[in-house]
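Containing PDB, C-alpha atoms: structure.pdb.
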ATOM      1  CA  MET E  29       0.000   0.000   0.000
ATOM      2  CA  ALA E  30       1.346   3.422  -0.952
ATOM      3  CA  THR E  31       2.276   5.754   1.902
ATOM      4  CA  LEU E  32       2.237   9.530   2.045
ATOM      5  CA  LYS E  33       5.652  11.046   1.615
ATOM      6  CA  THR E  34       6.155  13.682   4.308
ATOM      7  CA  SER E  35       9.677  14.890   3.631
ATOM      8  CA  ALA E  36      10.606  17.450   1.034
ATOM      9  CA  PRO E  37      13.108  16.842  -1.753
ATOM     10  CA  ALA E  38      16.690  17.893  -1.184
ATOM     11  CA  ALA E  39      16.854  21.644  -0.747
ATOM     12  CA  VAL E  40      18.421  23.950  -3.267
ATOM     13  CA  SER E  41      21.342  25.778  -1.681
ATOM     14  CA  ARG E  42      20.766  29.548  -1.728
ATOM     15  CA  PRO E  43      23.305  31.399   0.449
ATOM     16  CA  PHE E  44      21.542  34.700  -0.273
ATOM     17  CA  THR E  45      18.420  33.433   1.497
ATOM     18  CA  ARG E  46      20.439  32.585   4.588
ATOM     19  CA  TYR E  47      22.154  35.980   4.637
ATOM     20  CA  ALA E  48      18.837  37.767   4.080
ATOM     21  CA  ALA E  49      17.237  35.864   6.963
ATOM     22  CA  LEU E  50      20.134  36.659   9.290
ATOM     23  CA  THR E  51      20.056  40.326   8.251
ATOM     24  CA  ALA E  52      16.299  40.557   8.825
ATOM     25  CA  THR E  53      16.645  38.929  12.240
ATOM     26  CA  ALA E  54      19.461  41.274  13.253
ATOM     27  CA  ALA E  55      17.505  44.313  12.031
ATOM     28  CA  LEU E  56      14.433  43.192  13.972
ATOM     29  CA  PHE E  57      16.324  42.844  17.235
ATOM     30  CA  LEU E  58      18.106  46.152  16.647
ATOM     31  CA  LEU E  59      14.770  47.937  16.191
ATOM     32  CA  LEU E  60      13.379  46.218  19.281
ATOM     33  CA  LEU E  61      16.409  47.304  21.275
ATOM     34  CA  THR E  62      16.115  50.912  20.120
ATOM     35  CA  ALA E  63      12.381  50.841  20.936
ATOM     36  CA  LEU E  64      13.260  49.690  24.432
ATOM     37  CA  ILE E  65      15.922  52.381  24.911
ATOM     38  CA  TRP E  66      14.178  55.244  23.078
ATOM     39  CA  PRO E  67      10.435  54.436  23.188
ATOM     40  CA  ASP E  68       9.412  57.903  21.976
ATOM     41  CA  LEU E  69      11.178  57.268  18.662
ATOM     42  CA  SER E  70       9.837  53.756  18.110
ATOM     43  CA  GLY E  71       6.406  54.635  16.735
ATOM     44  CA  ILE E  72       4.819  51.929  18.895
ATOM     45  CA  LYS E  73       4.447  53.951  22.082
ATOM     46  CA  GLY E  74       0.784  53.833  23.036
ATOM     47  CA  LYS E  75       0.239  50.871  20.697
ATOM     48  CA  ALA E  76       0.801  48.001  23.120
ATOM     49  CA  SER E  77       4.544  48.569  22.978
ATOM     50  CA  THR E  78       5.295  46.234  25.883
ATOM     51  CA  ALA E  79       3.353  43.394  24.280
ATOM     52  CA  ARG E  80       5.102  43.992  20.952
ATOM     53  CA  LEU E  81       8.520  43.922  22.611
ATOM     54  CA  VAL E  82       7.664  40.450  23.913
ATOM     55  CA  VAL E  83       5.619  38.956  21.081
ATOM     56  CA  TYR E  84       7.727  40.103  18.116
ATOM     57  CA  PRO E  85      11.024  38.437  19.109
ATOM     58  CA  LEU E  86       9.157  35.297  20.145
ATOM     59  CA  GLY E  87       7.332  35.232  16.815
ATOM     60  CA  ALA E  88      10.573  35.584  14.889
ATOM     61  CA  MET E  89      12.397  32.960  16.956
ATOM     62  CA  VAL E  90       9.739  30.227  16.945
ATOM     63  CA  LEU E  91      11.333  28.407  14.031
ATOM     64  CA  PRO E  92      14.965  28.581  15.261
ATOM     65  CA  LEU E  93      13.853  27.426  18.720
ATOM     66  CA  TRP E  94      11.861  24.568  17.217
ATOM     67  CA  TRP E  95      14.834  23.594  15.072
ATOM     68  CA  TRP E  96      17.230  23.677  18.024
ATOM     69  CA  ALA E  97      14.920  21.702  20.323
ATOM     70  CA  TYR E  98      13.460  19.213  17.860
ATOM     71  CA  GLY E  99      13.879  19.758  14.142
ATOM     72  CA  ARG E 100      17.626  19.346  13.700
ATOM     73  CA  SER E 101      17.585  15.778  14.965
ATOM     74  CA  ARG E 102      14.053  14.508  14.387
ATOM     75  CA  SER E 103      12.411  16.524  11.616
ATOM     76  CA  ALA E 104      11.168  14.486   8.671
ATOM     77  CA  LEU E 105      10.565  17.674   6.676
ATOM     78  CA  HIS E 106      14.018  19.264   6.504
ATOM     79  CA  THR E 107      17.576  18.023   6.275
ATOM     80  CA  SER E 108      18.943  21.504   7.044
ATOM     81  CA  PHE E 109      17.593  24.642   8.664
ATOM     82  CA  PRO E 110      14.800  26.153   6.483
ATOM     83  CA  TRP E 111      16.223  29.634   5.967
ATOM     84  CA  ALA E 112      13.580  30.695   3.451
ATOM     85  CA  ALA E 113      10.835  29.882   5.948
ATOM     86  CA  HIS E 114      12.687  31.767   8.684
ATOM     87  CA  LEU E 115      13.015  34.818   6.437
ATOM     88  CA  LEU E 116       9.311  34.789   5.590
ATOM     89  CA  ILE E 117       8.320  34.400   9.248
ATOM     90  CA  THR E 118      10.665  37.191  10.379
ATOM     91  CA  LEU E 119       9.755  39.787   7.744
ATOM     92  CA  PRO E 120       6.223  40.564   9.016
ATOM     93  CA  TRP E 121       7.507  41.537  12.466
ATOM     94  CA  LEU E 122      10.328  43.583  10.963
ATOM     95  CA  VAL E 123       8.191  45.384   8.383
ATOM     96  CA  ASP E 124       5.570  46.217  11.003
ATOM     97  CA  LEU E 125       8.216  47.800  13.231
ATOM     98  CA  ILE E 126       9.663  49.764  10.312
ATOM     99  CA  GLY E 127       6.193  50.954   9.318
ATOM    100  CA  ASN E 128       5.508  52.169  12.835
ATOM    101  CA  ARG E 129       8.954  53.726  13.142
ATOM    102  CA  LEU E 130       8.342  55.735   9.950
ATOM    103  CA  ASN E 131       4.739  56.491  11.006
ATOM    104  CA  LEU E 132       3.407  54.940   7.798
ATOM    105  CA  PHE E 133       0.346  53.438   9.484
ATOM    106  CA  ASP E 134      -0.894  56.898  10.478
ATOM    107  CA  THR E 135       0.183  58.885   7.415
ATOM    108  CA  ILE E 136      -0.683  56.606   4.469
ATOM    109  CA  ALA E 137      -4.375  55.717   4.302
ATOM    110  CA  TRP E 138      -3.950  52.351   2.592
ATOM    111  CA  TRP E 139      -0.834  51.193   4.448
ATOM    112  CA  ASP E 140      -2.578  49.293   7.244
ATOM    113  CA  ASP E 141      -4.813  47.399   4.812
ATOM    114  CA  ALA E 142      -1.887  46.542   2.560
ATOM    115  CA  MET E 143       0.148  45.275   5.488
ATOM    116  CA  HIS E 144      -2.619  42.989   6.725
ATOM    117  CA  PHE E 145      -2.747  41.392   3.283
ATOM    118  CA  VAL E 146       0.982  41.226   2.548
ATOM    119  CA  LEU E 147       2.361  40.434   5.993
ATOM    120  CA  TRP E 148      -0.211  37.745   6.712
ATOM    121  CA  GLY E 149       0.677  36.209   3.377
ATOM    122  CA  LEU E 150       4.385  36.204   4.220
ATOM    123  CA  LEU E 151       3.810  34.732   7.670
ATOM    124  CA  THR E 152       1.529  32.002   6.345
ATOM    125  CA  ALA E 153       3.959  31.120   3.562
ATOM    126  CA  GLY E 154       6.782  30.815   6.078
ATOM    127  CA  VAL E 155       4.752  28.562   8.359
ATOM    128  CA  LEU E 156       3.745  26.355   5.435
ATOM    129  CA  LEU E 157       7.329  25.992   4.227
ATOM    130  CA  ALA E 158       8.495  25.226   7.750
ATOM    131  CA  PHE E 159       5.831  22.849   9.020
ATOM    132  CA  ALA E 160       3.417  21.636   6.307
ATOM    133  CA  PRO E 161       4.052  18.018   5.194
ATOM    134  CA  TRP E 162       5.300  17.311   1.696
ATOM    135  CA  PRO E 163       3.527  16.850  -0.606
ATOM    136  CA  LEU E 164       0.031  18.255  -0.201
ATOM    137  CA  SER E 165      -2.425  18.925  -2.984
ATOM    138  CA  ARG E 166      -3.161  22.524  -3.909
ATOM    139  CA  GLY E 167      -6.554  22.288  -2.232
ATOM    140  CA  LEU E 168      -5.186  20.879   1.020
ATOM    141  CA  THR E 169      -2.396  23.455   1.086
ATOM    142  CA  ALA E 170      -4.968  26.222   0.668
ATOM    143  CA  PHE E 171      -7.085  24.799   3.500
ATOM    144  CA  VAL E 172      -4.060  24.547   5.802
ATOM    145  CA  ALA E 173      -3.098  28.112   4.896
ATOM    146  CA  LEU E 174      -6.603  29.340   5.660
ATOM    147  CA  GLY E 175      -6.697  27.409   8.919
ATOM    148  CA  PHE E 176      -3.484  28.960  10.156
ATOM    149  CA  GLY E 177      -4.037  32.408   8.648
ATOM    150  CA  VAL E 178      -7.561  32.921   9.949
ATOM    151  CA  THR E 179      -6.760  31.558  13.410
ATOM    152  CA  ALA E 180      -3.658  33.718  13.731
ATOM    153  CA  ALA E 181      -5.528  36.776  12.440
ATOM    154  CA  VAL E 182      -8.292  36.336  15.020
ATOM    155  CA  ILE E 183      -5.727  35.956  17.809
ATOM    156  CA  TRP E 184      -3.963  39.105  16.580
ATOM    157  CA  GLU E 185      -7.170  41.143  16.490
ATOM    158  CA  LEU E 186      -8.150  39.958  19.975
ATOM    159  CA  GLY E 187      -4.706  40.893  21.242
ATOM    160  CA  GLU E 188      -4.888  44.322  19.618
ATOM    161  CA  TYR E 189      -8.293  44.979  21.122
ATOM    162  CA  TYR E 190      -7.305  43.911  24.612
ATOM    163  CA  ALA E 191      -3.898  45.617  24.562
ATOM    164  CA  PHE E 192      -4.841  49.097  23.404
ATOM    165  CA  ILE E 193      -7.867  49.552  21.120
ATOM    166  CA  ARG E 194     -10.472  49.229  23.881
ATOM    167  CA  HIS E 195      -8.956  52.273  25.589
ATOM    168  CA  SER E 196      -8.251  54.351  22.468
ATOM    169  CA  ALA E 197     -10.177  56.567  20.075
ATOM    170  CA  GLU E 198      -9.980  53.745  17.509
ATOM    171  CA  LEU E 199     -12.706  51.900  19.421
ATOM    172  CA  ARG E 200     -15.390  53.803  17.476
ATOM    173  CA  THR E 201     -14.330  52.227  14.182
ATOM    174  CA  ALA E 202     -12.888  49.007  15.593
ATOM    175  CA  TYR E 203     -15.672  46.733  14.326
ATOM    176  CA  THR E 204     -15.392  47.822  10.695
ATOM    177  CA  ASP E 205     -11.609  47.915  10.858
ATOM    178  CA  THR E 206     -11.425  44.437  12.376
ATOM    179  CA  LEU E 207     -13.677  42.949   9.699
ATOM    180  CA  GLY E 208     -11.512  44.509   7.014
ATOM    181  CA  ASP E 209      -8.293  43.324   8.648
ATOM    182  CA  LEU E 210      -9.594  39.769   9.011
ATOM    183  CA  SER E 211     -10.757  39.698   5.392
ATOM    184  CA  LEU E 212      -7.440  40.979   4.060
ATOM    185  CA  GLY E 213      -5.434  38.637   6.270
ATOM    186  CA  THR E 214      -7.534  35.706   5.079
ATOM    187  CA  LEU E 215      -6.987  36.632   1.430
ATOM    188  CA  GLY E 216      -3.258  37.022   2.039
ATOM    189  CA  ALA E 217      -3.101  33.598   3.680
ATOM    190  CA  LEU E 218      -5.056  32.007   0.829
ATOM    191  CA  LEU E 219      -2.752  33.531  -1.775
ATOM    192  CA  ALA E 220       0.250  32.318   0.207
ATOM    193  CA  GLY E 221      -1.154  28.795   0.216
ATOM    194  CA  LEU E 222      -1.636  28.811  -3.542
ATOM    195  CA  ILE E 223       1.852  30.203  -4.167
ATOM    196  CA  VAL E 224       3.523  27.715  -1.814
ATOM    197  CA  SER E 225       1.634  24.860  -3.449
ATOM    198  CA  HIS E 226       2.882  26.008  -6.846
ATOM    199  CA  THR E 227       6.500  26.529  -5.785
ATOM    200  CA  ARG E 228       6.640  23.192  -3.987
ATOM    201  CA  ARG E 229       6.330  21.467  -7.330
ATOM    202  CA  ARG E 230       9.997  22.442  -7.615
ATOM    203  CA  PRO E 231      12.806  21.889  -5.059
ATOM    204  CA  PRO E 232      12.032  24.184  -2.078
ATOM    205  CA  LEU E 233      14.342  26.997  -1.026
ATOM    206  CA  GLN E 234      15.856  26.386   2.389
ATOM    207  CA  GLY E 235      19.190  28.098   2.501
TER
END

Please lay out the structure from this file as structure tokens.
Amino acid sequence: MATLKTSAPAAVSRPFTRYAALTATAALFLLLLTALIWPDLSGIKGKASTARLVVYPLGAMVLPLWWWAYGRSRSALHTSFPWAAHLLITLPWLVDLIGNRLNLFDTIAWWDDAMHFVLWGLLTAGVLLAFAPWPLSRGLTAFVALGFGVTAAVIWELGEYYAFIRHSAELRTAYTDTLGDLSLGTLGALLAGLIVSHTRRRPPLQG
């Protein structure tokens, strides 16, 4: 009886991906450090800055911690650290910090909507590359992407509401804004699932 193959083909070596992931990680921690030292310049003051200073590094380090604790010796999905997945998972946290630092969320009307679509797509793609079994059909990949993307988006919106929206002027438009954010995040996750399914027909990028 045929069995489902859960490991990916041998990864294509891409040193640039590894360097980009390391650079993004270093930039993220540098921005977090400067936000801790000079909170008035961070752009996240009054926007659940304490929660962000905790959640963002944890979000970016989930994959390296998993790899160190489990993946390097027992993962059936990867023979080496999945640098492309790490880059995709790290970028949303980094881009969000940069956007807040440059005040783009408050000065460009469409920026917040665009970020919910793009960053949720990047995060979902990274999670799929890191943890989704190989191979999955396009339909199953899309369902997994939606499952993760929608769940994570709901958790994010609940966290935002509890951390600062319920006590801010944004509460008046929070319902409409939340529906829009959830819709855009869902679409971004779905697109990520379709793209990952397509790219996985070729050797995946891991380093």

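Counting all atoms listed in the file and comparing E:Leu130, E:Leu69, E:Leu168, E:Leu56, the residue that lies closest to E:Leu86 is E:Leu56.
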
The PyMOL selection byres ((chain E and resi 119-129) around 7) applied to the shown file, residues as a list in words: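 Output of the PyMOL selection byres ((chain E and resi 119-129) around 7): Ala52, Leu56, Leu69, Ser70, Gly71, Ile72, Tyr84, Leu115, Leu116, Ile117, Thr118, Leu130, Asn131, Leu132, Phe133, Leu147, Leu150 and Leu151 of chain E.
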
What is the distance, in Å and to one decimal place, between atom CA of E:Ala97 and atom CA of E:Arg229?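 One can read the atom CA of E:Ala97 to atom CA of E:Arg229 distance as 29.0 Å.
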
Shortest interatomic distance to E:Gly167 - which of E:Pro110, E:Pro67, E:Gly221, E:Gly99, counting all atoms listed in the file: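 When distances to E:Gly167 are compared using all atoms listed in the file, the smallest one comes from E:Gly221.
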
The PyMOL selection byres ((chain E and resi 61) around 12) applied to the shown file, residues as a JSON list (two decimals) with C-alpha atoms, keeping the file's coordinate frame:
[["chain", "number", "residue", "atom", "x", "y", "z"],
["E", 54, "ALA", "CA", 19.46, 41.27, 13.25],
["E", 55, "ALA", "CA", 17.50, 44.31, 12.03],
["E", 56, "LEU", "CA", 14.43, 43.19, 13.97],
["E", 57, "PHE", "CA", 16.32, 42.84, 17.24],
["E", 58, "LEU", "CA", 18.11, 46.15, 16.65],
["E", 59, "LEU", "CA", 14.77, 47.94, 16.19],
["E", 60, "LEU", "CA", 13.38, 46.22, 19.28],
["E", 62, "THR", "CA", 16.11, 50.91, 20.12],
["E", 63, "ALA", "CA", 12.38, 50.84, 20.94],
["E", 64, "LEU", "CA", 13.26, 49.69, 24.43],
["E", 65, "ILE", "CA", 15.92, 52.38, 24.91],
["E", 66, "TRP", "CA", 14.18, 55.24, 23.08],
["E", 67, "PRO", "CA", 10.44, 54.44, 23.19],
["E", 69, "LEU", "CA", 11.18, 57.27, 18.66],
["E", 70, "SER", "CA", 9.84, 53.76, 18.11],
["E", 80, "ARG", "CA", 5.10, 43.99, 20.95],
["E", 81, "LEU", "CA", 8.52, 43.92, 22.61],
["E", 82, "VAL", "CA", 7.66, 40.45, 23.91],
["E", 84, "TYR", "CA", 7.73, 40.10, 18.12],
["E", 85, "PRO", "CA", 11.02, 38.44, 19.11],
["E", 125, "LEU", "CA", 8.22, 47.80, 13.23]]

Excluding E:Leu207 and residues on its chain fewer than 2 positions from it, collect all residues at most 12 Å away from it, counting all atoms listed in the file, and give them as JSON, numbers by chain. {"E": [141, 144, 178, 181, 182, 185, 201, 202, 203, 204, 205, 209, 210, 211, 212, 213, 214]}

What lies within 12 Å of E:Glu188 using all atoms listed in the file, ignoring chain neighbours under 4 positions off, as an mmCIF file with C-alpha atoms, in the coordinates of the input?
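Okay, out-v6.cif is ready:
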data_model
loop_
_atom_site.group_PDB
_atom_site.id
_atom_site.type_symbol
_atom_site.label_atom_id
_atom_site.label_comp_id
_atom_site.auth_asym_id
_atom_site.auth_seq_id
_atom_site.Cartn_x
_atom_site.Cartn_y
_atom_site.Cartn_z
ATOM 1 C CA GLY E 74 0.784 53.833 23.036
ATOM 2 C CA LYS E 75 0.239 50.871 20.697
ATOM 3 C CA ALA E 76 0.801 48.001 23.120
ATOM 4 C CA SER E 77 4.544 48.569 22.978
ATOM 5 C CA ALA E 79 3.353 43.394 24.280
ATOM 6 C CA ARG E 80 5.102 43.992 20.952
ATOM 7 C CA VAL E 83 5.619 38.956 21.081
ATOM 8 C CA ALA E 181 -5.528 36.776 12.440
ATOM 9 C CA VAL E 182 -8.292 36.336 15.020
ATOM 10 C CA ILE E 183 -5.727 35.956 17.809
ATOM 11 C CA TRP E 184 -3.963 39.105 16.580
ATOM 12 C CA PHE E 192 -4.841 49.097 23.404
ATOM 13 C CA ILE E 193 -7.867 49.552 21.120
ATOM 14 C CA ARG E 194 -10.472 49.229 23.881
ATOM 15 C CA HIS E 195 -8.956 52.273 25.589
ATOM 16 C CA SER E 196 -8.251 54.351 22.468
ATOM 17 C CA GLU E 198 -9.980 53.745 17.509
ATOM 18 C CA LEU E 199 -12.706 51.900 19.421
ATOM 19 C CA ALA E 202 -12.888 49.007 15.593
ATOM 20 C CA ASP E 205 -11.609 47.915 10.858
ATOM 21 C CA THR E 206 -11.425 44.437 12.376
ATOM 22 C CA ASP E 209 -8.293 43.324 8.648
#

Coordinates-based distance that separates atom CA of E:Leu164 from atom CA of E:Gly216 (Å, one decimal): 19.2 Å

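Counting from atom CA of E:Gly87, the distance to atom CA of E:Thr135 is 26.4 Å.
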